[in-house]
Amino acid sequence: MVKEIDVIYHPEPKTLPSPPVPVFQYQRGIQEEIDAGTLNRTTCLELLEQMMMIRAFEEMIAEIKAVAYQALPRFDYIGPTHISIGQEATSTGAIAGIAPADYITSSHRGHGDAVAKGYTVIKGMSDDGLRARLQKYAAMLDHIESTPAEGAGRAELGEAALRLHVYRMIAELFGKNDGYCRGVGGSMHIADFESGHLGANAIVGGHMGIAAGAGISSRYVEDGKVVLCLAGDGAYQNGISHEAITMATMAQFRNGLMKRAFGVPVIFAIVNNQYAMSGQSIGETTGLDYLARCGAGYDVDGLHAEVADGMDVLAAREATLRAAKLCREGHGPVILEFVTYRFKGHSLSDPQAYREREEVRAWMERDPTVTFPKQLVEATFSEEQGGAITEKDIEALRRRVWERNTDMAVKAAKGTDPPPDSILLHMYAEAKDEPVPERYADPKPVGEVPTFERKEGGVLQYRLAVREALIEEMLRDERVVLFGEDIAEYGGAFAVTKGLIEVFGRDRVFNTAIVESAIVGAAVGMAMTDLRPVCEIMYDDFILMTMDQTGNQAAKWSYMSGGQKSVPMVIRTAHGGGRGYAGQHSQCLESICTHMPGLIVICPSDAYDAKGLLKSAIRNPNPVVFFEHQQLYNEEVPVPEEEYLVPIGKAAVKREGTDATVVAWGWPVLHALKAAEALEAEGISVEVVDPRTLWPLDVDTIVASVRKTGRCLVTCQAVEQGSFTGEVVSQIVENGFDYLDAPVMRLAAPNSVPPCAQSLEREFLVNPDKIAAAVRALMV
Ligand SMILES: Cc1ncc(C[n+]2csc(CCOP(=O)(O)OP(=O)(O)O)c2C)c(N)n1
């Protein structure tokens, strides 16, 4: 397909304008908002209550650490202490500016965001919704002695839900079973998917790709949700920030190339608390005076970007309300910078030698938990709204918040610890044969669906088998969306996805910028928000660019969220050499992924397995890294035209034999089969076992083969050092030692960088002759 956009040479001289960035423009103030009806007494008190709840929560942490928390004098809190005291107006105001159904992603300093998100959702719930939630957590309510009485009214239901929220937040910090993430995520990874909180991230900036992906989901399924991506000023300098904003800003989302011209609805919110740990983004570690200026670099007109006073809850709320409106109208993404300050150090162990006390004192004058109550007391509310807010009202609210927090802390400390034998719980989500939800079960292709003619014997090329798997799954489930670098018109570097854009259109098959981290990160965000993304990383060498997103996000969120959400996504990537592409386009890096619990790793060696396994991978609820060997794309074997799946985690005996087993995966399986043929002539009968899935590894089939043959060679094309051969050998030794008549041997590439020179690449690669020689050596 020829690109829609012509590239035209325009050499006329011109000057590009710099888009303006409004700074601290909020002037309305509390009374004007009340009079205009944009704020009422209830909302005011709710904003204050949230700020107080955050303060109470974090003061509790500081006091526990200082052994000064009277309610729990001897409690040993061992987790991190990245508290955000001082920043309450930003968390509260920003989250008040989005709708309860919207998503947030947050950071290591995210207690405030989590408190506010949960609070807002509770306040937005119907009575029935509240009852359903309370019913779901009846056992916890019992433990915290907060079960509402039969026929309880709104106030009592709401208070029970708030107590439950605070309890689950604290229980998470204390590593308790009742925590939002079952106590396995802890302070820096709090997630509450039920309330649209897609997780806090201890990897600075790690959640930005997820935010872009959740926004892409929302744009795709048209659910009107906005994503608020809260991260620090330091985080916004990380590479993923640039990649995620680039990904979310791609013109094709808005300019009509895709069927729906609608910008990705993400608010990239920079929580500028003036310091990273001690580094200062303004004046030291960036060249900017306001970080929101970065919006100018992502869009011809500049993204909507503005700077708001993050110490003023109303200013933060108002800027976010406008930003969210823009997003909902299709003008996202947008950038908001909140200027704020943390009164404590980076963590409680930070001696803060890098700043003057005077500076901290000056910012404390703007403490929102002091300034906002003053504004409330001075404001005039109508009698219908309940009349004036008095200092007594404020004091009563304060007391209620602190008492609730203390009570919940005591109850959380008495909570149950996750049992040690649950250590592996939620590592992987269970694969179930679930039907596609009706809404997505009948996708309409936009072009003719190709059929792939088999050659004699039903033979089909590996490349086409992968393409056929993609087509079948995209026809089965509208949630399956493909994206990656040059996968649309070009069809990917190996032409695997060629023609799919004509069949499914650009909304389901789209190119991305060269942003490997954001590609994988967006897939995580899309998977978390119920799509089934299949992304492509052109060569597996580039998977190293994605390591945080693959290893810390995709692999970890099922576990780290306590099983709240699994991450059903597939990363397709090509590995392997033999084409003289040398060090950075020829590696076999599967062992990098097998080292990461949480990932499924698949490495099919023929077209039949590739098709059946890819279909299984797309339907699997876990993140799958799917390695396709470059040298296999033109190989052919019979592939049925009828629907079939190959199960994940099941090895295949590719050739039966009795004298020695060769375990191989990917291209080396073909070499092993050729070697076995040659050895047959010498009277050596070789069994070839292809695990097909490296993780989870089918140890039983491998050991059963070794039991039969007594000898085993494990081979692959990766460098030997740290390769997956080591794991296979260990498993055989642990589980099949008694059957062995000779040591298990390995044959992998020399521990060098893949070279270009043919003489050296030949030396580097495993081949049939080397395998045959290694098997002969086993027989003596
Ligand atoms: C990728 C990564 N690099 C470094 C760190 C260590 N670290 C933790 S917090 C932090 C400062 C983050 O600054 P910022 O994003 O401004 O957030 P703040 O801590 O100020 O809220 C650093 C460097 C990390 N957690 N992740």
# chains A, B, ... in the order shown; residues from 1 in each chain; ligands from 1
>>> residues_around(residues="range 286-292 of chain A", least_positions_apart="4", cutoff="6 Å", atoms="only C-alpha atoms", output="PyMOL selection string")
chain A and resi 281-282+305+337
>>> closest_atom_pairs(of="chain A", to="ligand 1", cutoff="6 Å", atoms="only C-alpha atoms and all ligand atoms", output="JSON lines")
{"residue": "A:Arg109", "atom": "CA", "partner": "ligand 1", "partner_atom_place_in_ligand_line": "21 (O)", "distance": 5.2}
{"residue": "A:Ala202", "atom": "CA", "partner": "ligand 1", "partner_atom_place_in_ligand_line": "25 (N)", "distance": 5.1}
{"residue": "A:Ile203", "atom": "CA", "partner": "ligand 1", "partner_atom_place_in_ligand_line": "26 (N)", "distance": 3.9}
{"residue": "A:Val204", "atom": "CA", "partner": "ligand 1", "partner_atom_place_in_ligand_line": "26 (N)", "distance": 4.0}
{"residue": "A:Ala231", "atom": "CA", "partner": "ligand 1", "partner_atom_place_in_ligand_line": "15 (O)", "distance": 5.9}
{"residue": "A:Gly232", "atom": "CA", "partner": "ligand 1", "partner_atom_place_in_ligand_line": "15 (O)", "distance": 3.3}
{"residue": "A:Asp233", "atom": "CA", "partner": "ligand 1", "partner_atom_place_in_ligand_line": "16 (O)", "distance": 3.9}
{"residue": "A:Gly234", "atom": "CA", "partner": "ligand 1", "partner_atom_place_in_ligand_line": "16 (O)", "distance": 3.4}
{"residue": "A:Ala235", "atom": "CA", "partner": "ligand 1", "partner_atom_place_in_ligand_line": "15 (O)", "distance": 3.7}
{"residue": "A:Asn273", "atom": "CA", "partner": "ligand 1", "partner_atom_place_in_ligand_line": "20 (O)", "distance": 5.6}
{"residue": "A:Tyr275", "atom": "CA", "partner": "ligand 1", "partner_atom_place_in_ligand_line": "20 (O)", "distance": 5.0}
{"residue": "A:Ala276", "atom": "CA", "partner": "ligand 1", "partner_atom_place_in_ligand_line": "13 (O)", "distance": 3.2}
{"residue": "A:Met277", "atom": "CA", "partner": "ligand 1", "partner_atom_place_in_ligand_line": "11 (C)", "distance": 4.2}
{"residue": "A:His346", "atom": "CA", "partner": "ligand 1", "partner_atom_place_in_ligand_line": "19 (O)", "distance": 5.8}
>>> write_last_selection(atoms="N, CA, C and O atoms", output="CSV table (one decimal), in the first residue's frame")
chain,number,residue,atom,x,y,z
A,109,ARG,N,6.1,8.2,44.7
A,109,ARG,CA,5.6,9.1,45.7
A,109,ARG,C,4.1,9.2,45.5
A,109,ARG,O,3.6,10.3,45.4
A,202,ALA,N,7.7,2.2,40.9
A,202,ALA,CA,9.0,2.6,41.6
A,202,ALA,C,10.1,2.8,40.6
A,202,ALA,O,11.2,3.3,40.9
A,203,ILE,N,9.8,2.5,39.3
A,203,ILE,CA,10.8,2.8,38.3
A,203,ILE,C,10.4,4.2,37.8
A,203,ILE,O,9.2,4.4,37.3
A,204,VAL,N,11.2,5.2,38.0
A,204,VAL,CA,10.9,6.6,37.8
A,204,VAL,C,10.5,6.7,36.3
A,204,VAL,O,11.3,6.5,35.4
A,231,ALA,N,3.6,12.1,37.4
A,231,ALA,CA,5.0,11.7,37.6
A,231,ALA,C,5.8,12.9,38.0
A,231,ALA,O,5.4,14.0,37.6
A,232,GLY,N,6.9,12.7,38.6
A,232,GLY,CA,7.7,13.8,39.0
A,232,GLY,C,8.4,14.5,37.9
A,232,GLY,O,8.5,14.1,36.8
A,233,ASP,N,9.0,15.7,38.3
A,233,ASP,CA,9.8,16.5,37.3
A,233,ASP,C,11.0,15.7,36.9
A,233,ASP,O,11.4,15.7,35.7
A,234,GLY,N,11.6,14.9,37.8
A,234,GLY,CA,12.7,14.0,37.4
A,234,GLY,C,12.3,13.0,36.4
A,234,GLY,O,12.9,12.7,35.4
A,235,ALA,N,11.1,12.4,36.7
A,235,ALA,CA,10.6,11.3,35.8
A,235,ALA,C,10.4,11.8,34.4
A,235,ALA,O,10.7,11.0,33.4
A,273,ASN,N,8.0,19.0,42.2
A,273,ASN,CA,8.2,19.4,43.6
A,273,ASN,C,9.6,19.9,43.8
A,273,ASN,O,10.1,19.9,44.9
A,275,TYR,N,12.5,19.1,43.2
A,275,TYR,CA,13.7,18.2,43.3
A,275,TYR,C,13.4,16.8,42.7
A,275,TYR,O,12.2,16.4,42.9
A,276,ALA,N,14.4,16.2,42.2
A,276,ALA,CA,14.3,14.8,41.9
A,276,ALA,C,14.6,14.1,43.2
A,276,ALA,O,13.8,14.2,44.2
A,277,MET,N,15.8,13.5,43.4
A,277,MET,CA,16.2,13.1,44.8
A,277,MET,C,16.7,14.4,45.4
A,277,MET,O,16.2,15.0,46.3
A,346,HIS,N,13.6,13.3,50.2
A,346,HIS,CA,13.2,12.3,49.2
A,346,HIS,C,12.6,11.1,49.9
A,346,HIS,O,11.6,10.6,49.5
>>> atom_distance(atom1="CA of Leu670 in chain A", atom2="CA of Gly736 in chain A")
25.3 Å
>>> closest_residue(among="A:Lys176, A:Ile54, A:Val775, A:Thr81", to="Gly118 in chain A", atoms="only C-alpha atoms")
A:Ile54
>>> residues_around(residues="Pro743 in chain A", least_positions_apart="2", cutoff="8 Å", atoms="only C-alpha atoms", output="short mmCIF file (atom, residue, chain, number, x, y, z; two decimals) with N, CA, C and O atoms, in the first residue's frame")
data_model
loop_
_atom_site.label_atom_id
_atom_site.label_comp_id
_atom_site.auth_asym_id
_atom_site.auth_seq_id
_atom_site.Cartn_x
_atom_site.Cartn_y
_atom_site.Cartn_z
N ARG A 711 21.65 -40.12 27.06
CA ARG A 711 22.65 -39.12 26.68
C ARG A 711 21.92 -37.88 26.16
O ARG A 711 20.88 -38.00 25.51
N CYS A 712 22.51 -36.71 26.42
CA CYS A 712 21.79 -35.50 25.98
C CYS A 712 22.74 -34.37 25.63
O CYS A 712 23.71 -34.08 26.36
N LEU A 740 21.25 -40.89 33.28
CA LEU A 740 22.33 -40.42 32.40
C LEU A 740 23.49 -41.42 32.35
O LEU A 740 23.96 -41.89 33.38
N ASP A 741 23.95 -41.68 31.11
CA ASP A 741 25.14 -42.52 30.93
C ASP A 741 26.35 -41.67 30.61
O ASP A 741 27.46 -42.18 30.45
N MET A 745 25.77 -32.34 27.79
CA MET A 745 26.69 -31.36 27.19
C MET A 745 25.89 -30.22 26.54
O MET A 745 24.73 -30.38 26.23
N LEU A 778 29.52 -37.50 22.63
CA LEU A 778 28.72 -38.02 23.76
C LEU A 778 28.73 -39.55 23.81
O LEU A 778 28.50 -40.15 24.86
#
>>> residues_around(residues="Lys650 in chain A", least_positions_apart="4", cutoff="12 Å", atoms="only C-alpha atoms", output="PDB file with C-alpha atoms, in the first residue's frame")
ATOM      1  CA  ILE A 602       8.008 -19.038  23.088  1.00  0.00           C
ATOM      2  CA  CYS A 603      10.421 -19.984  20.339  1.00  0.00           C
ATOM      3  CA  PRO A 604       8.765 -22.049  17.592  1.00  0.00           C
ATOM      4  CA  ASP A 609       4.115 -24.556  15.738  1.00  0.00           C
ATOM      5  CA  GLY A 612      -0.619 -22.703  16.665  1.00  0.00           C
ATOM      6  CA  LEU A 613       1.495 -21.165  19.380  1.00  0.00           C
ATOM      7  CA  SER A 616      -2.480 -19.594  21.893  1.00  0.00           C
ATOM      8  CA  LEU A 645      -3.948 -24.351  18.673  1.00  0.00           C
ATOM      9  CA  VAL A 646      -0.610 -25.582  19.938  1.00  0.00           C
ATOM     10  CA  VAL A 689      13.169 -32.591  21.404  1.00  0.00           C
ATOM     11  CA  ASP A 690      12.006 -29.044  20.761  1.00  0.00           C
ATOM     12  CA  PRO A 691      10.616 -27.414  23.941  1.00  0.00           C
ATOM     13  CA  ARG A 692       8.856 -24.820  21.711  1.00  0.00           C
ATOM     14  CA  THR A 693       7.983 -22.902  24.858  1.00  0.00           C
ATOM     15  CA  LEU A 694      11.087 -22.071  26.876  1.00  0.00           C
ATOM     16  CA  TRP A 695       9.121 -20.745  29.834  1.00  0.00           C
ATOM     17  CA  PRO A 696       7.271 -22.599  31.224  1.00  0.00           C
ATOM     18  CA  LEU A 697       9.624 -25.413  30.242  1.00  0.00           C
ATOM     19  CA  ASP A 698       8.218 -28.884  29.646  1.00  0.00           C
ATOM     20  CA  VAL A 699      10.793 -30.684  31.776  1.00  0.00           C
ATOM     21  CA  ASP A 700       8.803 -33.928  31.751  1.00  0.00           C
ATOM     22  CA  THR A 701       9.083 -34.465  28.002  1.00  0.00           C
ATOM     23  CA  ILE A 702      12.788 -33.677  28.030  1.00  0.00           C
TER      24      ILE A 702
END
>>> closest_residue(among="A:Lys654, A:Arg317, A:His304, A:Lys708", to="Leu39 in chain A", atoms="only C-alpha atoms")
A:Arg317
>>> residues_around(residues="Arg776 in chain A", least_positions_apart="6", cutoff="12 Å", atoms="only C-alpha atoms", output="list in words")
Asp659, Ala660, Thr661, Val662, Ala675, Ala676, Ala678, Leu679, Glu680, Glu682, Gly683, Ile684, Ser685, Val686, Arg711, Cys712, Leu713, Ala742, Met745, Asp769 and Lys770 of chain A
>>> write_last_selection(atoms="C-alpha atoms", output="mmCIF file, in the first residue's frame")
data_model
loop_
_atom_site.group_PDB
_atom_site.id
_atom_site.type_symbol
_atom_site.label_atom_id
_atom_site.label_comp_id
_atom_site.auth_asym_id
_atom_site.auth_seq_id
_atom_site.Cartn_x
_atom_site.Cartn_y
_atom_site.Cartn_z
ATOM 1 C CA ASP A 659 20.833 -43.411 21.561
ATOM 2 C CA ALA A 660 20.997 -39.693 22.352
ATOM 3 C CA THR A 661 18.678 -36.755 22.858
ATOM 4 C CA VAL A 662 19.295 -33.362 21.306
ATOM 5 C CA ALA A 675 22.536 -33.953 12.152
ATOM 6 C CA ALA A 676 20.248 -36.775 13.276
ATOM 7 C CA ALA A 678 23.584 -37.929 9.136
ATOM 8 C CA LEU A 679 24.145 -39.818 12.384
ATOM 9 C CA GLU A 680 21.487 -42.370 11.493
ATOM 10 C CA GLU A 682 26.468 -44.039 11.238
ATOM 11 C CA GLY A 683 24.140 -46.136 13.361
ATOM 12 C CA ILE A 684 23.479 -43.480 15.999
ATOM 13 C CA SER A 685 19.796 -42.963 16.654
ATOM 14 C CA VAL A 686 19.087 -39.409 17.786
ATOM 15 C CA ARG A 711 22.647 -39.117 26.683
ATOM 16 C CA CYS A 712 21.792 -35.504 25.976
ATOM 17 C CA LEU A 713 23.112 -32.503 24.115
ATOM 18 C CA ALA A 742 27.248 -39.470 30.133
ATOM 19 C CA MET A 745 26.687 -31.361 27.188
ATOM 20 C CA ASP A 769 28.087 -30.669 11.500
ATOM 21 C CA LYS A 770 28.845 -29.180 14.920
#
>>> closest_atom_pairs(of="range 315-401 of chain A", to="range 96-104 of chain A", cutoff="9 Å", atoms="only C-alpha atoms", output="CSV")
residue,atom,partner,partner_atom,distance
A:Ala316,CA,A:Gly97,CA,7.8
A:Arg317,CA,A:Gly97,CA,4.7
A:Glu318,CA,A:Gly97,CA,6.6
A:Ala319,CA,A:Gly97,CA,7.6
A:Thr320,CA,A:Gly97,CA,4.7
A:Leu321,CA,A:Gly97,CA,4.3
A:Arg322,CA,A:Gly97,CA,7.9
A:Ala323,CA,A:Gly97,CA,8.4
A:Ala324,CA,A:Ile98,CA,6.2
A:Lys325,CA,A:Ile98,CA,8.8
>>> residues_around(residues="range 491-508 of chain A", least_positions_apart="3", cutoff="6 Å", atoms="only C-alpha atoms", output="VMD selection string")
chain A and resid 258 445 to 449 463 467 481 to 482 486 to 488
>>> write_last_selection(atoms="N, CA, C and O atoms", output="PDB file, in the first residue's frame")
ATOM      1  N   MET A 258      -6.426   7.388  10.600  1.00  0.00           N
ATOM      2  CA  MET A 258      -7.241   6.346  11.226  1.00  0.00           C
ATOM      3  C   MET A 258      -8.707   6.724  11.066  1.00  0.00           C
ATOM      4  O   MET A 258      -9.023   7.906  10.901  1.00  0.00           O
ATOM      5  N   PRO A 445     -13.690  -6.792   9.006  1.00  0.00           N
ATOM      6  CA  PRO A 445     -12.498  -6.350   8.277  1.00  0.00           C
ATOM      7  C   PRO A 445     -12.866  -5.235   7.291  1.00  0.00           C
ATOM      8  O   PRO A 445     -14.019  -5.166   6.859  1.00  0.00           O
ATOM      9  N   VAL A 446     -11.912  -4.391   6.967  1.00  0.00           N
ATOM     10  CA  VAL A 446     -12.236  -3.304   6.030  1.00  0.00           C
ATOM     11  C   VAL A 446     -11.844  -3.676   4.608  1.00  0.00           C
ATOM     12  O   VAL A 446     -12.192  -2.997   3.658  1.00  0.00           O
ATOM     13  N   GLY A 447     -11.099  -4.748   4.458  1.00  0.00           N
ATOM     14  CA  GLY A 447     -10.691  -5.179   3.122  1.00  0.00           C
ATOM     15  C   GLY A 447     -10.866  -6.682   3.003  1.00  0.00           C
ATOM     16  O   GLY A 447     -11.303  -7.361   3.935  1.00  0.00           O
ATOM     17  N   GLU A 448     -10.514  -7.162   1.806  1.00  0.00           N
ATOM     18  CA  GLU A 448     -10.693  -8.590   1.555  1.00  0.00           C
ATOM     19  C   GLU A 448      -9.725  -9.406   2.404  1.00  0.00           C
ATOM     20  O   GLU A 448      -8.536  -9.070   2.513  1.00  0.00           O
ATOM     21  N   VAL A 449     -10.241 -10.460   3.001  1.00  0.00           N
ATOM     22  CA  VAL A 449      -9.390 -11.313   3.841  1.00  0.00           C
ATOM     23  C   VAL A 449      -8.683 -12.324   2.944  1.00  0.00           C
ATOM     24  O   VAL A 449      -9.340 -13.089   2.237  1.00  0.00           O
ATOM     25  N   ARG A 463       6.545 -17.600   7.513  1.00  0.00           N
ATOM     26  CA  ARG A 463       6.110 -16.187   7.531  1.00  0.00           C
ATOM     27  C   ARG A 463       4.586 -16.098   7.351  1.00  0.00           C
ATOM     28  O   ARG A 463       3.896 -15.350   8.048  1.00  0.00           O
ATOM     29  N   ARG A 467       1.421 -14.892   9.740  1.00  0.00           N
ATOM     30  CA  ARG A 467       0.438 -13.900   9.261  1.00  0.00           C
ATOM     31  C   ARG A 467      -0.976 -14.475   9.361  1.00  0.00           C
ATOM     32  O   ARG A 467      -1.912 -13.786   9.762  1.00  0.00           O
ATOM     33  N   VAL A 481      -4.987  -5.886  18.485  1.00  0.00           N
ATOM     34  CA  VAL A 481      -4.504  -4.727  17.726  1.00  0.00           C
ATOM     35  C   VAL A 481      -2.998  -4.917  17.524  1.00  0.00           C
ATOM     36  O   VAL A 481      -2.290  -5.307  18.445  1.00  0.00           O
ATOM     37  N   LEU A 482      -2.539  -4.661  16.289  1.00  0.00           N
ATOM     38  CA  LEU A 482      -1.106  -4.821  15.991  1.00  0.00           C
ATOM     39  C   LEU A 482      -0.441  -3.466  15.851  1.00  0.00           C
ATOM     40  O   LEU A 482      -1.000  -2.565  15.229  1.00  0.00           O
ATOM     41  N   ASP A 486       7.091   0.136  11.378  1.00  0.00           N
ATOM     42  CA  ASP A 486       7.005  -0.248   9.960  1.00  0.00           C
ATOM     43  C   ASP A 486       6.227  -1.544   9.716  1.00  0.00           C
ATOM     44  O   ASP A 486       6.508  -2.265   8.767  1.00  0.00           O
ATOM     45  N   ILE A 487       5.274  -1.795  10.577  1.00  0.00           N
ATOM     46  CA  ILE A 487       4.506  -3.039  10.386  1.00  0.00           C
ATOM     47  C   ILE A 487       3.315  -2.840   9.450  1.00  0.00           C
ATOM     48  O   ILE A 487       2.703  -3.814   9.024  1.00  0.00           O
ATOM     49  N   ALA A 488       2.987  -1.588   9.140  1.00  0.00           N
ATOM     50  CA  ALA A 488       1.787  -1.334   8.327  1.00  0.00           C
ATOM     51  C   ALA A 488       2.094  -1.549   6.835  1.00  0.00           C
ATOM     52  O   ALA A 488       2.145  -2.691   6.383  1.00  0.00           O
TER      53      ALA A 488
END
>>> closest_residue(among="A:Arg479, A:Pro597, A:Asp421, A:Tyr462", to="Ala441 in chain A", atoms="only C-alpha atoms")
A:Arg479
>>> closest_residue(among="A:Asp606, A:Glu438, A:Asp433, A:Glu403", to="Tyr633 in chain A", atoms="only C-alpha atoms")
A:Asp606
>>> closest_residue(among="A:Lys611, A:Lys225, A:His242, A:Arg154", to="Ala469 in chain A", atoms="only C-alpha atoms")
A:Lys611
>>> residues_around(residues="Tyr581 in chain A", least_positions_apart="5", cutoff="10 Å", atoms="only C-alpha atoms", output="list of chain:residue names")
A:Gly576, A:Ser586, A:Gln587, A:Pro754, A:Pro755, A:Cys756, A:Ala757, A:Glu761
>>> write_last_selection(atoms="N, CA and C atoms", output="mmCIF file, in the first residue's frame")
data_model
loop_
_atom_site.group_PDB
_atom_site.id
_atom_site.type_symbol
_atom_site.label_atom_id
_atom_site.label_comp_id
_atom_site.auth_asym_id
_atom_site.auth_seq_id
_atom_site.Cartn_x
_atom_site.Cartn_y
_atom_site.Cartn_z
ATOM 1 N N GLY A 576 18.219 -14.181 15.967
ATOM 2 C CA GLY A 576 19.083 -15.085 15.220
ATOM 3 C C GLY A 576 19.912 -14.419 14.165
ATOM 4 N N SER A 586 21.731 -9.712 15.259
ATOM 5 C CA SER A 586 21.845 -11.157 15.055
ATOM 6 C C SER A 586 21.755 -11.963 16.332
ATOM 7 N N GLN A 587 21.468 -11.319 17.435
ATOM 8 C CA GLN A 587 21.569 -12.060 18.686
ATOM 9 C C GLN A 587 20.340 -12.942 18.938
ATOM 10 N N PRO A 754 28.218 -11.396 17.875
ATOM 11 C CA PRO A 754 28.051 -11.970 16.537
ATOM 12 C C PRO A 754 28.842 -11.157 15.504
ATOM 13 N N PRO A 755 29.719 -11.817 14.749
ATOM 14 C CA PRO A 755 30.547 -11.068 13.792
ATOM 15 C C PRO A 755 29.914 -10.977 12.408
ATOM 16 N N CYS A 756 30.418 -10.058 11.580
ATOM 17 C CA CYS A 756 29.917 -9.912 10.210
ATOM 18 C C CYS A 756 30.643 -10.855 9.261
ATOM 19 N N ALA A 757 31.976 -10.876 9.352
ATOM 20 C CA ALA A 757 32.784 -11.658 8.395
ATOM 21 C C ALA A 757 32.247 -13.089 8.333
ATOM 22 N N GLU A 761 31.372 -15.623 11.200
ATOM 23 C CA GLU A 761 29.975 -15.949 11.522
ATOM 24 C C GLU A 761 29.743 -17.460 11.443
#
>>> select_by_dssp(residues="range 465-696 of chain A", states="alpha helix (DSSP H)", output="PyMOL selection string")
chain A and resi 465-476+500-504+516-528+547+557-560+590-594+607-619+667-681
